[in-house]
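What's in input25.cif: mmCIF, C-alpha atoms
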data_start
#
loop_
_atom_site.label_atom_id
_atom_site.label_comp_id
_atom_site.auth_asym_id
_atom_site.auth_seq_id
_atom_site.Cartn_x
_atom_site.Cartn_y
_atom_site.Cartn_z
CA MET A 21 0.00 0.00 0.00
CA ASP A 22 2.84 2.40 0.81
CA ASN A 23 4.39 1.83 -2.62
CA ILE A 24 1.09 2.65 -4.27
CA LYS A 25 0.79 5.84 -2.24
CA LEU A 26 4.40 6.84 -2.89
CA ASN A 27 3.93 6.41 -6.63
CA LYS A 28 0.80 8.56 -6.46
CA ILE A 29 2.65 11.23 -4.46
CA ALA A 30 5.46 11.23 -7.04
CA GLU A 31 2.82 11.71 -9.74
CA TYR A 32 1.29 14.65 -7.83
CA ILE A 33 4.69 16.31 -7.50
CA GLN A 34 5.68 15.78 -11.11
CA ASN A 35 2.38 17.20 -12.38
CA ALA A 36 2.30 20.16 -9.99
CA ASP A 37 2.56 23.73 -11.25
CA ALA A 38 3.47 24.86 -7.72
CA ILE A 39 4.48 23.10 -4.51
CA VAL A 40 4.19 24.36 -0.94
CA ILE A 41 6.20 22.42 1.65
CA GLY A 42 5.02 22.75 5.24
CA ALA A 43 7.55 21.37 7.71
CA GLY A 44 7.35 20.69 11.43
CA ALA A 45 9.52 19.13 14.11
CA GLY A 46 8.95 15.61 12.79
CA LEU A 47 11.02 16.40 9.71
CA SER A 48 14.10 17.34 11.73
CA ALA A 49 13.54 14.38 14.06
CA SER A 50 13.61 12.15 11.00
CA ALA A 51 16.91 13.78 10.04
CA GLY A 52 18.33 12.78 13.45
CA LEU A 53 17.79 16.03 15.35
CA LEU A 54 16.34 14.25 18.37
CA TYR A 55 15.58 16.11 21.59
CA SER A 56 15.49 13.07 23.86
CA GLY A 57 17.17 9.73 24.41
CA LYS A 58 20.91 9.17 24.04
CA ARG A 59 21.53 12.45 22.25
CA PHE A 60 20.13 14.31 25.25
CA THR A 61 21.71 12.23 28.01
CA ASP A 62 25.15 12.22 26.35
CA ASN A 63 25.27 16.01 26.15
CA PHE A 64 23.42 17.20 29.25
CA ASN A 65 24.46 14.84 32.04
CA GLU A 66 25.44 17.73 34.37
CA PHE A 67 22.12 19.46 33.82
CA ILE A 68 20.19 16.23 34.28
CA ASP A 69 21.93 15.61 37.61
CA LYS A 70 21.43 19.17 38.85
CA TYR A 71 17.95 20.01 37.56
CA GLY A 72 16.32 16.65 36.83
CA MET A 73 15.87 17.49 33.16
CA GLN A 74 14.29 14.84 30.97
CA ASP A 75 14.62 16.09 27.38
CA MET A 76 15.62 19.18 25.42
CA TYR A 77 12.08 20.23 24.62
CA SER A 78 10.78 20.43 28.20
CA SER A 79 14.16 21.77 29.42
CA GLY A 80 13.57 24.84 27.27
CA PHE A 81 10.86 25.86 29.75
CA TYR A 82 12.91 25.28 32.91
CA PRO A 83 12.63 28.21 35.38
CA PHE A 84 16.31 28.90 35.95
CA GLU A 85 17.06 31.11 38.96
CA THR A 86 19.84 33.05 37.25
CA GLU A 87 20.74 34.22 33.75
CA GLU A 88 24.13 32.54 34.16
CA GLU A 89 22.43 29.15 34.59
CA LYS A 90 19.89 29.75 31.86
CA TRP A 91 22.52 30.63 29.25
CA ALA A 92 24.74 27.72 30.24
CA TYR A 93 21.88 25.44 29.26
CA TRP A 94 20.74 27.41 26.22
CA SER A 95 24.21 27.80 24.76
CA LYS A 96 24.56 24.01 24.68
CA HIS A 97 21.04 23.61 23.31
CA ILE A 98 21.70 26.12 20.53
CA TYR A 99 25.15 24.71 19.77
CA LEU A 100 23.84 21.16 19.38
CA ASN A 101 20.71 21.98 17.38
CA ARG A 102 21.83 24.95 15.29
CA TYR A 103 25.60 24.87 14.81
CA GLU A 104 27.04 21.43 15.55
CA PHE A 105 24.44 19.28 13.77
CA PRO A 106 25.12 18.94 10.02
CA VAL A 107 22.43 19.29 7.41
CA GLY A 108 20.17 16.24 7.35
CA LYS A 109 20.10 14.17 4.17
CA VAL A 110 16.30 14.40 4.04
CA TYR A 111 16.57 18.18 3.60
CA LYS A 112 19.00 17.81 0.71
CA ASP A 113 16.75 15.15 -0.85
CA LEU A 114 13.79 17.51 -0.58
CA LEU A 115 15.70 20.23 -2.38
CA ASP A 116 16.61 17.79 -5.15
CA ILE A 117 12.93 16.83 -5.52
CA VAL A 118 11.60 20.38 -5.87
CA SER A 119 14.51 21.96 -7.76
CA GLY A 120 13.27 23.06 -11.15
CA LYS A 121 9.71 23.47 -9.83
CA GLU A 122 7.92 26.51 -8.48
CA TYR A 123 8.01 25.93 -4.72
CA PHE A 124 7.92 27.60 -1.34
CA VAL A 125 8.62 26.41 2.21
CA ILE A 126 6.80 27.39 5.39
CA THR A 127 8.24 25.89 8.56
CA THR A 128 7.87 26.08 12.32
CA ASN A 129 11.37 24.62 12.73
CA VAL A 130 14.01 26.93 14.20
CA ASP A 131 17.12 24.82 13.51
CA HIS A 132 18.15 26.45 10.19
CA GLN A 133 18.18 23.10 8.35
CA PHE A 134 16.46 24.39 5.22
CA TYR A 135 19.04 27.13 4.80
CA LYS A 136 21.92 24.73 5.50
CA ALA A 137 20.57 22.43 2.78
CA GLY A 138 20.70 25.24 0.23
CA PHE A 139 17.09 26.38 0.04
CA PRO A 140 17.18 30.08 -1.00
CA LYS A 141 16.07 32.34 1.85
CA GLU A 142 13.55 34.05 -0.44
CA ARG A 143 11.73 30.70 -0.73
CA VAL A 144 11.58 29.95 3.01
CA PHE A 145 9.36 31.39 5.73
CA ALA A 146 10.55 30.30 9.20
CA THR A 147 7.60 31.54 11.20
CA GLN A 148 8.81 30.78 14.74
CA GLY A 149 12.31 32.23 14.75
CA ASP A 150 15.85 30.85 14.64
CA TYR A 151 18.16 29.40 17.29
CA GLY A 152 21.00 31.44 15.81
CA LEU A 153 19.45 34.82 16.64
CA LEU A 154 19.00 36.84 19.82
CA GLN A 155 16.46 39.56 20.56
CA CYS A 156 15.53 41.90 23.39
CA ALA A 157 13.53 39.82 25.89
CA HIS A 158 10.85 42.53 25.91
CA GLY A 159 11.00 43.27 22.20
CA CYS A 160 11.93 46.91 22.74
CA HIS A 161 13.18 47.17 19.14
CA LYS A 162 12.80 45.07 16.00
CA LYS A 163 16.38 43.98 15.42
CA LEU A 164 17.92 40.52 15.73
CA TYR A 165 21.51 39.63 16.58
CA ASP A 166 23.66 36.71 15.44
CA ASN A 167 24.75 34.63 18.43
CA GLU A 168 27.28 32.16 17.00
CA ALA A 169 30.47 33.66 18.47
CA LEU A 170 28.80 34.26 21.83
CA VAL A 171 27.41 30.73 22.01
CA TYR A 172 30.82 29.21 21.36
CA GLU A 173 32.36 31.39 24.07
CA MET A 174 29.61 30.37 26.52
CA ILE A 175 30.29 26.72 25.75
CA GLU A 176 34.02 27.15 26.25
CA LYS A 177 33.86 29.10 29.52
CA GLN A 178 30.90 27.57 31.38
CA LYS A 179 31.51 25.65 34.57
CA ASP A 180 29.17 23.92 37.01
CA CYS A 181 26.18 24.69 34.76
CA LYS A 182 26.90 28.43 34.76
CA ILE A 183 28.49 30.89 32.38
CA PRO A 184 30.57 33.89 33.55
CA SER A 185 28.37 36.88 34.34
CA GLU A 186 30.12 39.04 31.77
CA LEU A 187 28.84 36.75 29.00
CA VAL A 188 25.15 37.20 29.88
CA PRO A 189 23.73 39.01 26.83
CA LYS A 190 22.13 42.40 27.42
CA CYS A 191 19.94 44.41 25.07
CA PRO A 192 22.04 47.16 23.45
CA VAL A 193 19.03 49.49 23.45
CA CYS A 194 17.26 49.14 26.82
CA GLY A 195 19.96 47.28 28.75
CA GLY A 196 17.56 44.49 29.71
CA ASN A 197 17.92 40.76 29.22
CA MET A 198 18.12 39.07 25.84
CA GLU A 199 16.34 35.93 24.69
CA VAL A 200 16.65 33.48 21.83
CA ASN A 201 14.44 34.56 18.92
CA LEU A 202 11.74 31.93 19.48
CA ARG A 203 8.01 32.53 19.45
CA CYS A 204 7.10 31.82 23.06
CA ASP A 205 5.36 35.02 24.21
CA GLU A 206 4.00 38.34 23.00
CA TYR A 207 7.50 39.84 22.78
CA PHE A 208 8.64 37.70 19.84
CA VAL A 209 10.45 40.00 17.40
CA GLU A 210 9.38 39.90 13.77
CA ASP A 211 12.11 41.87 12.03
CA GLU A 212 12.23 43.18 8.46
CA GLU A 213 13.45 39.83 7.10
CA TRP A 214 10.55 38.04 8.83
CA ASP A 215 8.11 40.52 7.29
CA ASN A 216 9.67 40.00 3.86
CA SER A 217 9.41 36.22 4.21
CA LEU A 218 5.73 36.48 5.10
CA ALA A 219 5.14 38.73 2.10
CA ASN A 220 6.96 36.26 -0.18
CA TYR A 221 4.82 33.40 1.12
CA GLU A 222 1.55 35.27 0.67
CA LYS A 223 2.61 36.37 -2.83
CA PHE A 224 3.45 32.78 -3.78
CA ILE A 225 0.04 31.54 -2.66
CA GLU A 226 -1.75 34.38 -4.45
CA GLU A 227 0.12 33.82 -7.72
CA ASN A 228 -0.40 30.05 -7.72
CA GLN A 229 -3.80 29.54 -6.10
CA ASN A 230 -5.57 28.96 -9.43
CA LYS A 231 -2.93 26.55 -10.72
CA ASN A 232 -2.33 22.88 -9.94
CA ILE A 233 -0.88 23.50 -6.46
CA VAL A 234 0.27 20.71 -4.17
CA PHE A 235 0.60 21.17 -0.40
CA ILE A 236 3.13 18.77 1.15
CA GLU A 237 2.99 18.55 4.95
CA LEU A 238 5.99 16.89 6.61
CA GLY A 239 6.21 16.13 10.32
CA VAL A 240 3.70 18.70 11.56
CA GLY A 241 2.12 17.81 14.89
CA MET A 242 -0.66 19.36 16.94
CA ASN A 243 1.42 21.82 19.02
CA THR A 244 0.78 24.67 16.57
CA PRO A 245 -1.56 23.22 13.93
CA ALA A 246 -2.99 26.60 12.89
CA ILE A 247 0.27 27.72 11.28
CA ILE A 248 0.62 24.96 8.68
CA LYS A 249 -1.78 22.03 9.05
CA TYR A 250 -5.06 23.95 9.28
CA GLN A 251 -3.94 26.41 6.60
CA PHE A 252 -3.12 23.56 4.22
CA TRP A 253 -6.46 21.85 4.91
CA ARG A 254 -8.38 25.08 4.36
CA MET A 255 -6.61 25.94 1.10
CA THR A 256 -6.89 22.39 -0.24
CA ASN A 257 -10.63 22.52 0.40
CA LYS A 258 -11.04 26.00 -1.07
CA LEU A 259 -8.83 25.83 -4.17
CA LYS A 260 -10.21 23.90 -7.12
CA ASP A 261 -6.96 22.30 -8.30
CA ALA A 262 -5.21 21.88 -4.95
CA GLU A 263 -3.98 18.56 -3.60
CA TYR A 264 -2.73 17.67 -0.11
CA ILE A 265 0.04 15.27 0.84
CA CYS A 266 0.78 14.40 4.47
CA ILE A 267 3.83 12.31 5.38
CA ASN A 268 4.28 11.72 9.08
CA LEU A 269 5.26 8.69 11.13
CA ASN A 270 2.03 7.55 12.87
CA GLU A 271 0.35 10.98 12.53
CA ALA A 272 -0.67 11.28 8.87
CA TYR A 273 -4.34 12.07 8.32
CA ALA A 274 -6.71 14.49 6.62
CA PRO A 275 -10.29 15.58 7.34
CA GLY A 276 -13.11 13.95 5.42
CA ALA A 277 -13.87 17.13 3.46
CA ILE A 278 -10.59 16.86 1.53
CA MET A 279 -9.99 13.12 1.63
CA ASN A 280 -10.63 12.79 -2.11
CA LYS A 281 -7.85 15.34 -2.75
CA SER A 282 -5.39 13.92 -0.22
CA ILE A 283 -2.73 11.26 0.18
CA CYS A 284 -1.67 10.50 3.76
CA ILE A 285 1.12 8.07 4.51
CA ASN A 286 2.33 6.92 7.93
CA ILE A 287 6.03 6.34 7.33
CA ASP A 288 9.41 7.70 8.38
CA ILE A 289 9.81 10.95 6.45
CA SER A 290 13.46 10.36 5.51
CA GLU A 291 12.57 6.97 4.08
CA ALA A 292 9.62 8.35 2.13
CA VAL A 293 11.56 11.31 0.72
CA ASN A 294 14.47 9.08 -0.28
CA ASP A 295 12.07 6.79 -2.16
CA LEU A 296 10.33 9.77 -3.78
CA LYS A 297 13.65 11.15 -4.99
CA LYS A 298 14.33 7.86 -6.78
CA LEU A 299 10.84 7.75 -8.29
CA ILE A 300 10.92 11.33 -9.52
CA LYS A 301 14.45 11.15 -10.92
#
Would you mind giving the structure from this file in structure tokens?
Amino acid sequence: MDNIKLNKIAEYIQNADAIVIGAGAGLSASAGLLYSGKRFTDNFNEFIDKYGMQDMYSSGFYPFETEEEKWAYWSKHIYLNRYEFPVGKVYKDLLDIVSGKEYFVITTNVDHQFYKAGFPKERVFATQGDYGLLQCAHGCHKKLYDNEALVYEMIEKQKDCKIPSELVPKCPVCGGNMEVNLRCDEYFVEDEEWDNSLANYEKFIEENQNKNIVFIELGVGMNTPAIIKYQFWRMTNKLKDAEYICINLNEAYAPGAIMNKSICINIDISEAVNDLKKLIK
């Protein structure tokens, strides 16, 4: 049955005038960017012993008492998930599949994998931020700051789950604390590049909505379904020549209203994309 579905998906992609990829955390997990298990315990043993942490996702919400402790954790989190981890093969395979087609990517992932794989930034809308950027914690101004050099210095100089106080980042405008540019509260900074990416996405949809447009959802869960999943369902239902593909291990489904325009396959995304690349080539 999976082979039949994969062949049909390949046919959808080959016949598409435009493709919209919607990517969630499941795509990066399939690439090996896991937030739990051995990858977590191997890298955070000190933090596990001290704070009782269980995985990188829940640890991101830990109420650290000091900024020195918070940034000791976050520098390692950012280093592992943004800088140290190489581009996943599934991302490069995706680029191979859509190269030569009209396509756009909307993603809730903040790990920079699409950019690392070579997707042009004008074709990607990362709605929830980027691990590699810092912002004022209270959003006092709409500018973002690259954190790579600072993160490496925090990694090098931290001791006993703390960084030196002089490395705690402070807002250059208001003097307050800084945060990673992640959408977690009302202070999330949407800078000029974010605005441009949104405009590019909306323009792509507008220009291709009356064509044979295929929405491909990869690894999107129910944490923030309104950003990608519900949008894709709504547009597939509304647009006459739209089709919906959902690939997700154990979570692939579509509502009854669009079932006749949908293909949902419960399979590892890396495996499915690798097979699709062979079928399409």
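The space between CA of Ile33 in chain A and CA of Val118 in chain A spans 8.2 Å.
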Between A:Leu299, A:Ile283, A:Ala45, A:Val125, which has the minimum distance to Pro245 in chain A (counting all atoms listed in the file)?
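Ranked by minimum distance to Pro245 in chain A, first place goes to A:Ala45.
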Go through A:Ser78, A:Thr61, A:Asn101, A:Thr86 one by one, measure the shortest atom-to-atom distance of each to Gln133 in chain A using only C-alpha atoms, and give the residue with the smallest value.
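The shortest atom-to-atom distance to Gln133 in chain A comes from A:Asn101.
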By how many Å are CA of Ala30 in chain A and CA of Val293 in chain A apart?
9.9 Å
Expanded to explicit residues, what is the PyMOL selection byres ((chain A and resi 177) around 12) for this file, as an MDAnalysis selection string?
chainID A and resid 88 91:92 95:96 170:176 178:188
Just give me the gap between CA of Phe134 in chain A and CA of Ala146 in chain A in Å, one decimal is fine.
9.3 Å
Can you spell out as a PyMOL selection string the set of residues that the PyMOL selection byres ((chain A and resi 224-233) around 6) selects in the structure I just provided?
chain A and resi 36-39+221-223+234+261-262
For the file shown, report as a ChimeraX atom specification the outcome of the PyMOL selection byres ((chain A and resi 43) around 9) at residue level.
/A:41-42,44-48,125-129,236-240,248
Atoms kept (C-alpha atoms) for selection, written as a CSV table (one decimal), keeping the file's coordinate frame:
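Contents of out_8.csv, as written:
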chain,number,residue,atom,x,y,z
A,41,ILE,CA,6.2,22.4,1.6
A,42,GLY,CA,5.0,22.8,5.2
A,44,GLY,CA,7.4,20.7,11.4
A,45,ALA,CA,9.5,19.1,14.1
A,46,GLY,CA,9.0,15.6,12.8
A,47,LEU,CA,11.0,16.4,9.7
A,48,SER,CA,14.1,17.3,11.7
A,125,VAL,CA,8.6,26.4,2.2
A,126,ILE,CA,6.8,27.4,5.4
A,127,THR,CA,8.2,25.9,8.6
A,128,THR,CA,7.9,26.1,12.3
A,129,ASN,CA,11.4,24.6,12.7
A,236,ILE,CA,3.1,18.8,1.2
A,237,GLU,CA,3.0,18.6,5.0
A,238,LEU,CA,6.0,16.9,6.6
A,239,GLY,CA,6.2,16.1,10.3
A,240,VAL,CA,3.7,18.7,11.6
A,248,ILE,CA,0.6,25.0,8.7
Shell around Arg203 in chain A at 7 Å using all atoms listed in the file, local window under 5 positions removed, as JSON, numbers by chain:
{"A": [148, 149, 208]}
